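Colleague: Have a peek at protein17.txt (compact mmCIF, C-alpha atoms).
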# COMPACT_ATOMS: atom_id res chain seq x y z
CA THR A 204 -278.60 -153.29 -70.58
CA ALA A 205 -276.81 -156.19 -72.26
CA GLU A 206 -274.13 -153.83 -73.59
CA ALA A 207 -273.60 -152.31 -70.16
CA LEU A 208 -273.38 -155.79 -68.65
CA THR A 209 -270.67 -156.76 -71.13
CA LEU A 210 -268.74 -153.61 -70.23
CA TYR A 211 -268.97 -154.26 -66.48
CA GLN A 212 -268.03 -157.92 -66.93
CA LYS A 213 -264.85 -156.77 -68.70
CA ILE A 214 -264.09 -154.34 -65.89
CA CYS A 215 -264.54 -157.16 -63.34
CA GLU A 216 -262.17 -159.35 -65.35
CA THR A 217 -259.59 -156.56 -65.54
CA ASP A 218 -259.95 -155.51 -61.90
CA PRO A 219 -261.53 -158.31 -59.86
CA ALA A 220 -261.20 -156.22 -56.69
CA ASP A 221 -263.55 -153.46 -57.97
CA ALA A 222 -266.59 -153.85 -55.70
CA GLU A 223 -268.57 -151.14 -57.53
CA SER A 224 -268.21 -152.98 -60.84
CA TRP A 225 -269.32 -156.25 -59.25
CA TYR A 226 -272.30 -154.38 -57.81
CA MET A 227 -273.23 -152.91 -61.20
CA THR A 228 -272.77 -156.32 -62.83
CA GLY A 229 -275.12 -157.85 -60.27
CA MET A 230 -277.73 -155.13 -60.70
CA LEU A 231 -277.61 -155.52 -64.49
CA TYR A 232 -277.99 -159.30 -64.18
CA GLY A 233 -281.00 -158.57 -62.00
CA ARG A 234 -282.56 -156.32 -64.64
CA LEU A 235 -282.11 -159.15 -67.11
CA GLU A 236 -283.87 -161.50 -64.64
CA ARG A 237 -280.74 -163.62 -64.26
CA CYS A 238 -281.12 -163.91 -60.49
CA ALA A 239 -278.51 -166.57 -59.74
CA GLU A 240 -275.84 -164.58 -61.58
CA ALA A 241 -277.02 -161.40 -59.87
CA VAL A 242 -276.62 -163.03 -56.46
CA ALA A 243 -273.14 -164.31 -57.30
CA ALA A 244 -271.93 -160.90 -58.49
CA LEU A 245 -273.50 -159.06 -55.55
CA ARG A 246 -272.01 -161.53 -53.08
CA LYS A 247 -268.63 -160.72 -54.61
CA ALA A 248 -269.30 -156.97 -54.23
CA VAL A 249 -270.12 -157.20 -50.51
CA ALA A 250 -267.29 -159.67 -49.89
CA LEU A 251 -264.87 -157.15 -51.36
CA GLN A 252 -266.44 -154.23 -49.54
CA PRO A 253 -268.35 -155.49 -46.47
CA LYS A 254 -269.49 -151.97 -45.51
CA PHE A 255 -271.13 -151.35 -48.91
CA ALA A 256 -274.69 -150.68 -47.74
CA GLN A 257 -276.25 -150.37 -51.20
CA GLY A 258 -274.53 -153.63 -52.15
CA HIS A 259 -276.27 -155.36 -49.25
CA VAL A 260 -279.62 -153.94 -50.40
CA GLY A 261 -279.02 -155.18 -53.95
CA LEU A 262 -278.01 -158.61 -52.71
CA GLY A 263 -281.06 -158.69 -50.44
CA GLN A 264 -283.33 -157.86 -53.39
CA SER A 265 -281.85 -160.64 -55.52
CA LEU A 266 -282.14 -163.13 -52.67
CA GLU A 267 -285.71 -162.02 -52.00
CA LEU A 268 -286.62 -162.65 -55.64
CA GLN A 269 -285.29 -166.19 -55.25
CA GLY A 270 -287.38 -166.74 -52.12
CA HIS A 271 -284.44 -166.64 -49.68
CA PHE A 272 -286.26 -164.29 -47.33
CA ALA A 273 -284.29 -164.83 -44.12
CA GLU A 274 -280.95 -164.23 -45.84
CA ALA A 275 -282.40 -161.25 -47.70
CA GLU A 276 -283.61 -159.78 -44.42
CA ASN A 277 -280.13 -160.19 -42.92
CA HIS A 278 -278.63 -158.18 -45.77
CA TYR A 279 -281.29 -155.48 -45.48
CA ALA A 280 -280.63 -155.25 -41.75
CA ARG A 281 -276.88 -154.98 -42.40
CA ALA A 282 -277.51 -152.18 -44.90
CA ALA A 283 -279.69 -150.28 -42.42
CA GLU A 284 -277.04 -150.76 -39.74
CA LEU A 285 -274.29 -149.48 -42.03
CA LYS A 286 -276.28 -146.58 -43.44
CA PRO A 287 -279.33 -145.77 -41.27
CA GLU A 288 -280.46 -143.05 -43.69
CA LEU A 289 -280.92 -145.59 -46.52
CA ALA A 290 -284.69 -145.60 -47.06
CA ASP A 291 -284.52 -148.62 -49.40
CA ALA A 292 -283.15 -150.76 -46.56
CA HIS A 293 -285.99 -149.76 -44.23
CA ASP A 294 -288.70 -150.36 -46.84
CA ALA A 295 -287.19 -153.76 -47.59
CA LEU A 296 -287.05 -154.63 -43.88
CA GLY A 297 -290.69 -153.59 -43.63
CA ARG A 298 -291.59 -155.95 -46.48
CA MET A 299 -289.76 -158.79 -44.76
CA CYS A 300 -291.60 -158.08 -41.49
CA GLN A 301 -294.90 -158.13 -43.36
CA LEU A 302 -294.03 -161.48 -44.91
CA ARG A 303 -293.37 -162.81 -41.41
CA GLY A 304 -296.66 -161.35 -40.18
CA ASP A 305 -295.09 -158.75 -37.87
CA MET A 306 -297.12 -155.75 -38.96
CA HIS A 307 -296.08 -153.49 -36.08
CA ALA A 308 -292.38 -153.91 -36.93
CA ALA A 309 -293.24 -153.47 -40.63
CA ALA A 310 -294.99 -150.19 -39.89
CA ALA A 311 -292.00 -148.99 -37.85
CA HIS A 312 -289.61 -149.69 -40.72
CA HIS A 313 -291.87 -148.01 -43.28
CA ARG A 314 -292.11 -144.96 -41.02
CA GLN A 315 -288.31 -144.87 -40.91
CA ALA A 316 -288.20 -145.00 -44.71
CA ILE A 317 -290.69 -142.13 -44.95
CA ALA A 318 -288.71 -140.07 -42.42
CA ARG A 319 -285.63 -140.45 -44.61
CA GLN A 320 -287.31 -139.98 -48.00
CA PRO A 321 -290.77 -138.46 -47.60
CA GLU A 322 -291.37 -138.13 -51.35
CA ARG A 323 -291.59 -141.92 -51.97
CA PRO A 324 -295.23 -142.95 -52.55
CA ALA A 325 -294.42 -146.66 -52.26
CA ALA A 326 -293.35 -146.23 -48.62
CA TYR A 327 -296.71 -144.65 -47.74
CA LEU A 328 -298.60 -147.46 -49.46
CA LEU A 329 -296.52 -150.12 -47.72
CA LEU A 330 -297.12 -148.39 -44.39
CA ALA A 331 -300.85 -148.20 -45.18
CA ARG A 332 -300.94 -151.97 -45.85
CA ALA A 333 -299.24 -152.71 -42.56
CA LEU A 334 -301.55 -150.35 -40.66
CA HIS A 335 -304.60 -151.84 -42.38
CA GLN A 336 -303.52 -155.28 -41.24
CA THR A 337 -303.10 -154.08 -37.65
CA GLY A 338 -306.62 -152.65 -37.73
CA ASP A 339 -305.55 -149.00 -37.88
CA LEU A 340 -307.86 -148.12 -40.76
CA GLU A 341 -307.68 -144.37 -40.13
CA GLY A 342 -303.89 -144.44 -40.24
CA ALA A 343 -304.00 -146.53 -43.41
CA ALA A 344 -306.42 -144.09 -45.05
CA GLU A 345 -304.28 -141.08 -44.08
CA ASN A 346 -301.19 -142.56 -45.73
CA ILE A 347 -303.05 -143.51 -48.89
CA GLU A 348 -304.69 -140.10 -49.08
CA HIS A 349 -301.24 -138.54 -48.79
CA VAL A 350 -300.24 -140.38 -51.98
CA LEU A 351 -303.46 -139.39 -53.74
CA ARG A 352 -302.96 -135.69 -52.91
CA ARG A 353 -299.66 -135.86 -54.78
CA ASP A 354 -300.87 -138.17 -57.56
CA PRO A 355 -304.66 -138.25 -57.99
CA ASP A 356 -304.33 -140.91 -60.72
CA HIS A 357 -302.38 -143.44 -58.63
CA ALA A 358 -304.39 -146.62 -59.32
CA GLU A 359 -302.76 -148.71 -56.58
CA ALA A 360 -303.58 -146.02 -54.02
CA TRP A 361 -307.23 -145.91 -55.10
CA HIS A 362 -307.40 -149.70 -54.86
CA GLY A 363 -305.89 -149.61 -51.37
CA LEU A 364 -308.26 -146.87 -50.26
CA ALA A 365 -311.22 -148.91 -51.52
CA GLY A 366 -310.09 -151.79 -49.31
CA VAL A 367 -309.76 -149.50 -46.30
CA ARG A 368 -313.20 -147.99 -46.92
CA LEU A 369 -314.70 -151.49 -47.13
CA GLY A 370 -313.07 -152.30 -43.80
CA GLN A 371 -314.61 -149.15 -42.35
CA GLY A 372 -318.04 -150.15 -43.62
CA ARG A 373 -318.08 -147.14 -45.97
CA TYR A 374 -319.36 -149.08 -48.96
CA GLU A 375 -320.39 -146.14 -51.12
CA ASP A 376 -316.96 -144.54 -50.67
CA ALA A 377 -315.31 -147.89 -51.50
CA LEU A 378 -317.33 -148.12 -54.69
CA ASN A 379 -316.32 -144.58 -55.65
CA CYS A 380 -312.67 -145.45 -55.12
What would the structure in this file look like if it were written as structure tokens?
Modeller:
Amino acid sequence: TAEALTLYQKICETDPADAESWYMTGMLYGRLERCAEAVAALRKAVALQPKFAQGHVGLGQSLELQGHFAEAENHYARAAELKPELADAHDALGRMCQLRGDMHAAAAHHRQAIARQPERPAAYLLLARALHQTGDLEGAAENIEHVLRRDPDHAEAWHGLAGVRLGQGRYEDALNC
């Protein structure tokens, strides 16, 4: 990762108008847990190419890691507006809604993510969490069970299902989970 970062930094120096290279630089900084530098590079990427949906998602992720949730949510919303089929943007918007306590909006965004990329287990688990918090325990269980049918060893799914079963008063099932 450090070697790739050095390469992309050189590309950015050579061609400072290359939004893709600024994006890659920012993502590599992020992988190295250098969040402030990631944000700076990703801001440059979206400034150069304002309609770069994936750049807005990357910037949102870096901002979210720094605790700048409102600004992160704005970038996720911009990404979803620019590229409605971008499942990452919808999942991220769902997370932001959950942080704000708006579980119904969170569930709607996670459903949009699933509609666009139905093979992503994380989206089903995020949807299940939102549904659980709205009191829709059956809906939560259905989404978790969907993940477990595809991956019977998914520990996070089993943990989530145990919580749902406890909420349903199905203590023996929760213990088995």
Colleague: For atom CA of Ala248 of chain A and atom CA of Trp225 of chain A, determine how far apart the two atoms are, in Å to one decimal place.
Modeller: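 Spanning atom CA of Ala248 of chain A to atom CA of Trp225 of chain A is a straight-line distance of 5.1 Å.
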Colleague: Please determine, counting all atoms listed in the file, which residue among A:Met227, A:Val350, A:Glu284, A:Leu340 has the shortest atom-to-atom distance to Leu328 of chain A.
Modeller: A:Val350
Colleague: May I ask for the distance between atom CA of Lys247 of chain A and atom CA of Tyr279 of chain A, given in Å to one decimal place?
Modeller: 16.5 Å
Colleague: Pick from A:Cys380, A:Ala360, A:Ala220, A:Ala243: nearest to Glu348 of chain A, with only C-alpha atoms counted?
Modeller: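 Answer, going by the shortest atom-to-atom distance: A:Ala360.
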Colleague: Just how far from atom CA of Phe255 of chain A is atom CA of Ala310 of chain A, in Å to one decimal?
Modeller: 25.5 Å
Colleague: So which one's closest to Leu351 of chain A, A:Ala256, A:His293, A:Thr337, A:Tyr327? Using all atoms listed in the file, please.
Modeller: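 Answer, going by the shortest atom-to-atom distance: A:Tyr327.
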Colleague: Using only C-alpha atoms, which residue out of A:Ala333, A:Ala241, A:Leu235, A:Ala343 lies closest to Gln371 of chain A?
Modeller: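 Among the listed residues, A:Ala343 lies closest to Gln371 of chain A.
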